[in-house]
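Asker: This one is protein_39.txt, compact mmCIF, C-alpha atoms.
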# COMPACT_ATOMS: atom_id res chain seq x y z
CA MET A 1 -35.64 35.00 2.07
CA GLU A 2 -35.77 32.09 -0.35
CA ASN A 3 -33.27 33.85 -2.62
CA ASN A 4 -30.84 34.28 0.28
CA LYS A 5 -31.14 30.60 1.13
CA THR A 6 -30.46 29.59 -2.46
CA LEU A 7 -27.49 31.95 -2.62
CA ASN A 8 -26.05 30.50 0.59
CA VAL A 9 -26.37 26.96 -0.76
CA ALA A 10 -24.57 27.99 -3.95
CA GLU A 11 -21.78 29.63 -1.94
CA LYS A 12 -21.41 26.52 0.22
CA VAL A 13 -21.05 24.36 -2.88
CA LYS A 14 -18.33 26.71 -4.14
CA ALA A 15 -16.62 26.61 -0.75
CA VAL A 16 -16.54 22.81 -0.71
CA ALA A 17 -15.20 22.71 -4.27
CA ILE A 18 -12.43 25.17 -3.42
CA ALA A 19 -11.46 23.25 -0.28
CA PHE A 20 -11.47 19.94 -2.16
CA ILE A 21 -9.18 21.33 -4.84
CA GLY A 22 -6.94 22.77 -2.13
CA ALA A 23 -6.74 19.40 -0.38
CA GLY A 24 -5.75 17.72 -3.63
CA ILE A 25 -3.07 20.28 -4.47
CA PHE A 26 -1.66 20.16 -0.93
CA SER A 27 -1.62 16.36 -0.76
CA GLN A 28 0.06 15.87 -4.10
CA GLY A 29 2.49 18.69 -3.39
CA THR A 30 3.88 16.83 -0.37
CA PHE A 31 4.94 14.02 -2.70
CA TYR A 32 6.81 16.30 -5.08
CA PHE A 33 9.64 17.00 -2.64
CA LYS A 34 11.01 13.80 -4.12
CA ALA A 35 11.65 13.80 -7.88
CA GLN A 36 8.92 12.09 -9.91
CA SER A 37 8.84 10.74 -13.45
CA SER A 38 5.94 13.10 -14.20
CA TYR A 39 4.00 15.84 -12.45
CA ASN A 40 0.46 17.20 -12.34
CA ILE A 41 1.27 20.90 -12.29
CA PRO A 42 -1.38 23.61 -11.79
CA ARG A 43 -1.09 25.99 -14.73
CA ILE A 44 -0.26 28.99 -12.54
CA LEU A 45 2.70 27.11 -11.04
CA TYR A 46 4.47 26.21 -14.30
CA PRO A 47 6.87 29.17 -13.90
CA VAL A 48 7.74 27.98 -10.38
CA PHE A 49 8.54 24.49 -11.64
CA SER A 50 10.61 25.87 -14.51
CA LEU A 51 12.69 28.05 -12.20
CA LEU A 52 12.89 26.00 -9.00
CA ASP A 53 12.32 22.40 -10.13
CA ASN A 54 10.34 19.86 -8.10
CA VAL A 55 11.17 21.21 -4.63
CA GLY A 56 9.99 24.71 -5.49
CA LEU A 57 6.85 23.20 -7.01
CA ALA A 58 6.22 21.16 -3.86
CA VAL A 59 6.52 24.19 -1.59
CA ALA A 60 4.26 26.26 -3.83
CA MET A 61 1.62 23.51 -3.98
CA VAL A 62 1.61 23.04 -0.21
CA ILE A 63 1.08 26.76 0.38
CA LEU A 64 -1.45 27.09 -2.45
CA GLY A 65 -3.39 24.09 -1.18
CA LEU A 66 -3.60 25.44 2.36
CA GLY A 67 -4.54 28.86 1.03
CA LEU A 68 -7.40 27.42 -1.02
CA ALA A 69 -8.64 25.37 1.93
CA PHE A 70 -8.65 28.47 4.12
CA TRP A 71 -10.40 30.49 1.40
CA GLY A 72 -13.03 27.78 1.10
CA PHE A 73 -13.56 27.88 4.85
CA ASN A 74 -14.09 31.64 4.80
CA LYS A 75 -16.64 31.34 1.99
CA TRP A 76 -18.43 28.59 3.92
CA LYS A 77 -18.48 30.72 7.07
CA ASN A 78 -19.76 33.77 5.19
CA ALA A 79 -22.59 31.63 3.80
CA ALA A 80 -23.73 30.85 7.36
CA GLY A 81 -22.32 27.34 7.19
CA LYS A 82 -21.60 25.37 10.35
CA PRO A 83 -17.82 25.11 10.95
CA GLY A 84 -18.13 21.53 12.21
CA VAL A 85 -19.67 20.40 8.93
CA PHE A 86 -16.93 22.09 6.91
CA LEU A 87 -14.29 20.52 9.14
CA SER A 88 -15.71 17.06 8.44
CA ILE A 89 -15.66 17.77 4.72
CA ALA A 90 -12.10 19.10 4.90
CA ILE A 91 -10.84 16.09 6.85
CA ALA A 92 -12.52 13.73 4.40
CA SER A 93 -11.02 15.61 1.44
CA PHE A 94 -7.48 15.47 2.80
CA ALA A 95 -7.99 11.86 3.81
CA ILE A 96 -9.24 10.78 0.39
CA PHE A 97 -6.30 12.34 -1.43
CA PHE A 98 -3.69 11.11 1.04
CA SER A 99 -5.15 7.61 1.10
CA ILE A 100 -5.10 7.37 -2.68
CA LEU A 101 -1.58 8.74 -2.97
CA PHE A 102 -0.23 6.68 -0.07
CA PHE A 103 -1.95 3.38 -0.68
CA THR A 104 -2.24 3.16 -4.45
CA GLY A 105 0.89 5.07 -5.47
CA LYS A 106 -1.03 6.52 -8.41
CA LYS A 107 -2.13 10.01 -9.35
CA ALA A 108 -5.62 10.88 -8.25
CA THR A 109 -8.28 10.98 -10.97
CA PRO A 110 -12.00 11.71 -10.58
CA GLU A 111 -12.74 8.03 -11.21
CA GLU A 112 -10.34 6.91 -8.50
CA LEU A 113 -11.73 9.45 -6.06
CA ALA A 114 -15.26 8.23 -6.72
CA LYS A 115 -14.21 4.63 -6.03
CA ALA A 116 -12.10 5.36 -2.93
CA SER A 117 -13.19 2.92 -0.23
CA GLU A 118 -14.38 3.86 3.24
CA GLU A 119 -11.46 1.90 4.66
CA SER A 120 -8.91 3.94 2.74
CA ARG A 121 -10.66 7.15 3.73
CA ALA A 122 -10.52 6.14 7.39
CA LYS A 123 -6.83 5.33 7.07
CA GLY A 124 -6.19 8.71 5.51
CA ILE A 125 -7.97 10.50 8.34
CA GLU A 126 -5.99 8.50 10.87
CA GLN A 127 -2.75 9.30 9.01
CA ILE A 128 -3.36 13.03 9.40
CA GLN A 129 -4.81 13.04 12.90
CA SER A 130 -2.05 10.83 14.30
CA ALA A 131 0.75 12.94 12.84
CA GLU A 132 3.15 13.97 15.60
CA GLN A 133 5.12 17.18 15.70
CA PRO A 134 8.32 16.43 13.76
CA ASP A 135 11.58 16.59 15.68
CA PHE A 136 14.23 17.80 13.25
CA ASP A 137 16.56 19.10 15.98
CA ASN A 138 15.92 22.55 14.55
CA PRO A 139 15.16 25.32 17.09
CA GLU A 140 13.73 27.58 14.40
CA ILE A 141 11.14 24.99 13.37
CA ASP A 142 10.34 24.19 17.00
CA ALA A 143 9.72 27.90 17.60
CA HIS A 144 7.55 28.02 14.48
CA PHE A 145 5.28 25.27 15.78
CA ALA A 146 5.20 26.90 19.23
CA ALA A 147 4.13 30.14 17.56
CA PHE A 148 1.21 28.30 15.97
CA GLU A 149 0.02 26.98 19.33
CA LYS A 150 0.17 30.50 20.80
CA LEU A 151 -1.67 31.93 17.80
CA LEU A 152 -4.27 29.17 17.99
CA THR A 153 -4.93 29.94 21.66
CA GLU A 154 -5.35 33.64 20.86
CA TYR A 155 -7.67 32.79 17.96
CA LYS A 156 -9.84 30.65 20.24
CA THR A 157 -10.03 33.49 22.75
CA ALA A 158 -11.02 35.97 20.03
CA TYR A 159 -13.86 33.68 18.92
CA LYS A 160 -14.99 33.05 22.46
CA ASN A 161 -15.17 36.80 23.06
CA LYS A 162 -16.75 37.40 19.62
CA ASN A 163 -14.09 40.01 18.92
CA LYS A 164 -14.33 40.44 15.15
CA HIS A 165 -11.32 42.75 14.97
CA GLU A 166 -9.11 40.22 16.74
CA ILE A 167 -10.51 37.34 14.69
CA ILE A 168 -9.52 39.09 11.47
CA ALA A 169 -6.11 39.96 12.90
CA LYS A 170 -5.43 36.36 13.93
CA GLU A 171 -6.56 35.02 10.56
CA SER A 172 -4.14 37.41 8.89
CA ALA A 173 -1.37 36.29 11.25
CA TYR A 174 -2.17 32.68 10.41
CA MET A 175 -1.71 33.37 6.71
CA GLU A 176 1.68 34.92 7.48
CA TRP A 177 2.54 31.87 9.56
CA ASN A 178 1.74 29.68 6.55
CA GLU A 179 4.04 31.79 4.39
CA ASN A 180 6.82 31.28 6.92
CA SER A 181 6.17 27.55 6.68
CA ALA A 182 7.17 27.72 3.02
CA ASP A 183 10.55 29.20 3.95
CA LEU A 184 11.20 26.65 6.68
CA ILE A 185 10.24 23.61 4.64
CA GLN A 186 12.95 24.47 2.12
CA LYS A 187 15.57 24.27 4.86
CA LEU A 188 14.87 20.60 5.54
CA SER A 189 17.46 18.24 4.15
CA SER A 190 15.45 15.31 2.80
CA PRO A 191 12.19 14.68 0.91
CA GLU A 192 11.04 12.47 3.79
CA GLN A 193 11.44 15.33 6.28
CA LYS A 194 9.61 17.71 3.98
CA GLN A 195 6.76 15.26 3.54
CA GLN A 196 6.57 14.77 7.31
CA PHE A 197 6.49 18.55 7.76
CA GLY A 198 3.73 18.87 5.16
CA LEU A 199 1.61 16.17 6.77
CA TYR A 200 1.86 17.88 10.14
CA LEU A 201 0.86 21.17 8.52
CA ALA A 202 -2.33 19.45 7.36
CA LYS A 203 -3.07 18.44 10.94
CA LEU A 204 -2.47 21.98 12.20
CA SER A 205 -4.71 23.36 9.45
CA MET A 206 -7.52 21.13 10.68
CA LYS A 207 -6.94 22.24 14.27
CA TRP A 208 -7.28 25.84 13.11
CA GLN A 209 -10.55 25.12 11.33
CA GLU A 210 -11.97 23.43 14.42
CA VAL A 211 -12.11 26.80 16.17
CA LYS A 212 -15.66 28.07 16.06
As a first step, turn the structure in this file into structure tokens.
Answerer:
Amino acid sequence: MENNKTLNVAEKVKAVAIAFIGAGIFSQGTFYFKAQSSYNIPRILYPVFSLLDNVGLAVAMVILGLGLAFWGFNKWKNAAGKPGVFLSIAIASFAIFFSILFFTGKKATPEELAKASEESRAKGIEQIQSAEQPDFDNPEIDAHFAAFEKLLTEYKTAYKNKNKHEIIAKESAYMEWNENSADLIQKLSSPEQKQQFGLYLAKLSMKWQEVK
């Protein structure tokens, strides 16, 4: 019994670390839609940057970040963690990275993260939670966001009914939806639009994780 408890704690720590890394990659990726003087590039994404330049890197980082956050959530859930606690951690992680990148204009370092003020963290949370659905006058993107709301409703129903088969199916559909997001974000015409799209994706990701 004690061994299981220790193992669960270890898995929760791993889950938080994965989600935190995902939040950082996602947040910084949204800034790379606009050319920078230098980039913090995850090693596995160097080929993407070499072939597709900063926009390809940005798309890859947004998708990778969301994927890591979702992976972290699954590990947390499998370790008998409370979804509400993970959601709070995820929101704080996104908020810390966004607040640092938005309000200091500098790359995030461990030292900066450690010194991030409560005020900046609160502003970051507000930035994400207050994000409105972008209006790009693009029916395809509007349909994409509508598809998320439908999928979210079905996911909530599956959890309410404790239908494990449907839960797994909806989680798989959500991952496919995220992949489609990568295609759509490349169709936007400006870095500002892409950043707005990415910020709203962060909000939707949090809405998804609230379901439990």
Asker: Would you pick out the contacts of His144 (chain A) at 12 Å or less, using only C-alpha atoms, so that residues sharing its chain but fewer than 2 positions from it are not included, and give the list as JSON, numbers by chain?
Answerer: {"A": [133, 134, 138, 139, 140, 141, 142, 146, 147, 148, 149, 150, 151, 174, 176, 177, 178, 179, 180, 181, 182, 183, 184, 185, 197, 201, 204]}
Asker: Measure the distance from CA of Leu199 (chain A) to CA of Gln129 (chain A) in Å and round it to one decimal.
Answerer: 9.4 Å
Asker: From the options A:Ala169, A:Ala69, A:Ala143, A:Ala10, which residue's atoms come nearest to Phe86 (chain A), counting all atoms listed in the file?
Answerer: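 Using all atoms listed in the file, the shortest distance to Phe86 (chain A) belongs to A:Ala69.
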Asker: Considering all atoms listed in the file, can you say which of A:Ile91, A:Ala80, A:Val16, A:Ile25 comes closest to Leu64 (chain A)?
Answerer: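 Among the listed residues, the smallest separation from Leu64 (chain A) belongs to A:Ile25.
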Asker: Check the smallest atom-to-atom distance from each of A:Phe20, A:Phe33, A:Tyr46, A:Trp208 to Phe94 (chain A) using all atoms listed in the file, then report the winner.
Answerer: A:Phe20
Asker: May I have the protein, DNA and RNA residues with an atom at most 9 Å from (-5.4, 21.0, -4.3), counting only C-alpha atoms in the file's coordinates, returned as a PDB file with C-alpha atoms, keeping the file's coordinate frame?
Answerer:
ATOM      1  CA  ILE A  18     -12.430  25.170  -3.420  1.00  0.00           C
ATOM      2  CA  ALA A  19     -11.460  23.250  -0.280  1.00  0.00           C
ATOM      3  CA  PHE A  20     -11.470  19.940  -2.160  1.00  0.00           C
ATOM      4  CA  ILE A  21      -9.180  21.330  -4.840  1.00  0.00           C
ATOM      5  CA  GLY A  22      -6.940  22.770  -2.130  1.00  0.00           C
ATOM      6  CA  ALA A  23      -6.740  19.400  -0.380  1.00  0.00           C
ATOM      7  CA  GLY A  24      -5.750  17.720  -3.630  1.00  0.00           C
ATOM      8  CA  ILE A  25      -3.070  20.280  -4.470  1.00  0.00           C
ATOM      9  CA  PHE A  26      -1.660  20.160  -0.930  1.00  0.00           C
ATOM     10  CA  SER A  27      -1.620  16.360  -0.760  1.00  0.00           C
ATOM     11  CA  GLN A  28       0.060  15.870  -4.100  1.00  0.00           C
ATOM     12  CA  GLY A  29       2.490  18.690  -3.390  1.00  0.00           C
ATOM     13  CA  PRO A  42      -1.380  23.610 -11.790  1.00  0.00           C
ATOM     14  CA  MET A  61       1.620  23.510  -3.980  1.00  0.00           C
ATOM     15  CA  VAL A  62       1.610  23.040  -0.210  1.00  0.00           C
ATOM     16  CA  LEU A  64      -1.450  27.090  -2.450  1.00  0.00           C
ATOM     17  CA  GLY A  65      -3.390  24.090  -1.180  1.00  0.00           C
ATOM     18  CA  LEU A  66      -3.600  25.440   2.360  1.00  0.00           C
ATOM     19  CA  LEU A  68      -7.400  27.420  -1.020  1.00  0.00           C
ATOM     20  CA  ALA A  69      -8.640  25.370   1.930  1.00  0.00           C
TER      21      ALA A  69
END
Asker: Find the distance between CA of Ser93 (chain A) and CA of Ala60 (chain A) and write it in Å to one decimal.
Answerer: 19.4 Å
Asker: Report the distance between CA of Lys34 (chain A) and CA of Val55 (chain A) in Å, rounded to one decimal place.
Answerer: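 Computing it gives 7.4 Å between the two atoms.
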Asker: Would you compute, for all listed atoms of region 73-87 of chain A, the axis-aligned bounding box grown by 4 Å on each side, and then report its centre and edge lengths in Å rounded to one decimal, as lines of an AutoDock Vina configuration file?
Answerer:
center_x = -18.6
center_y = 27.1
center_z = 7.1
size_x = 18.2
size_y = 21.4
size_z = 18.2
Asker: Restricting the calculation to all atoms listed in the file: of A:Leu188, A:Glu171, A:Ile89, A:Lys156, which residue gets closest to Asp137 (chain A)?
Answerer: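 Under the stated criterion, the closest residue is A:Leu188.
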Asker: Hey, which of A:Asn8, A:Gln209, A:Gln196, A:Asn161 ends up closest to Ile128 (chain A)? Count only C-alpha atoms.
Answerer: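 Closest residue, counting only C-alpha atoms: A:Gln196.
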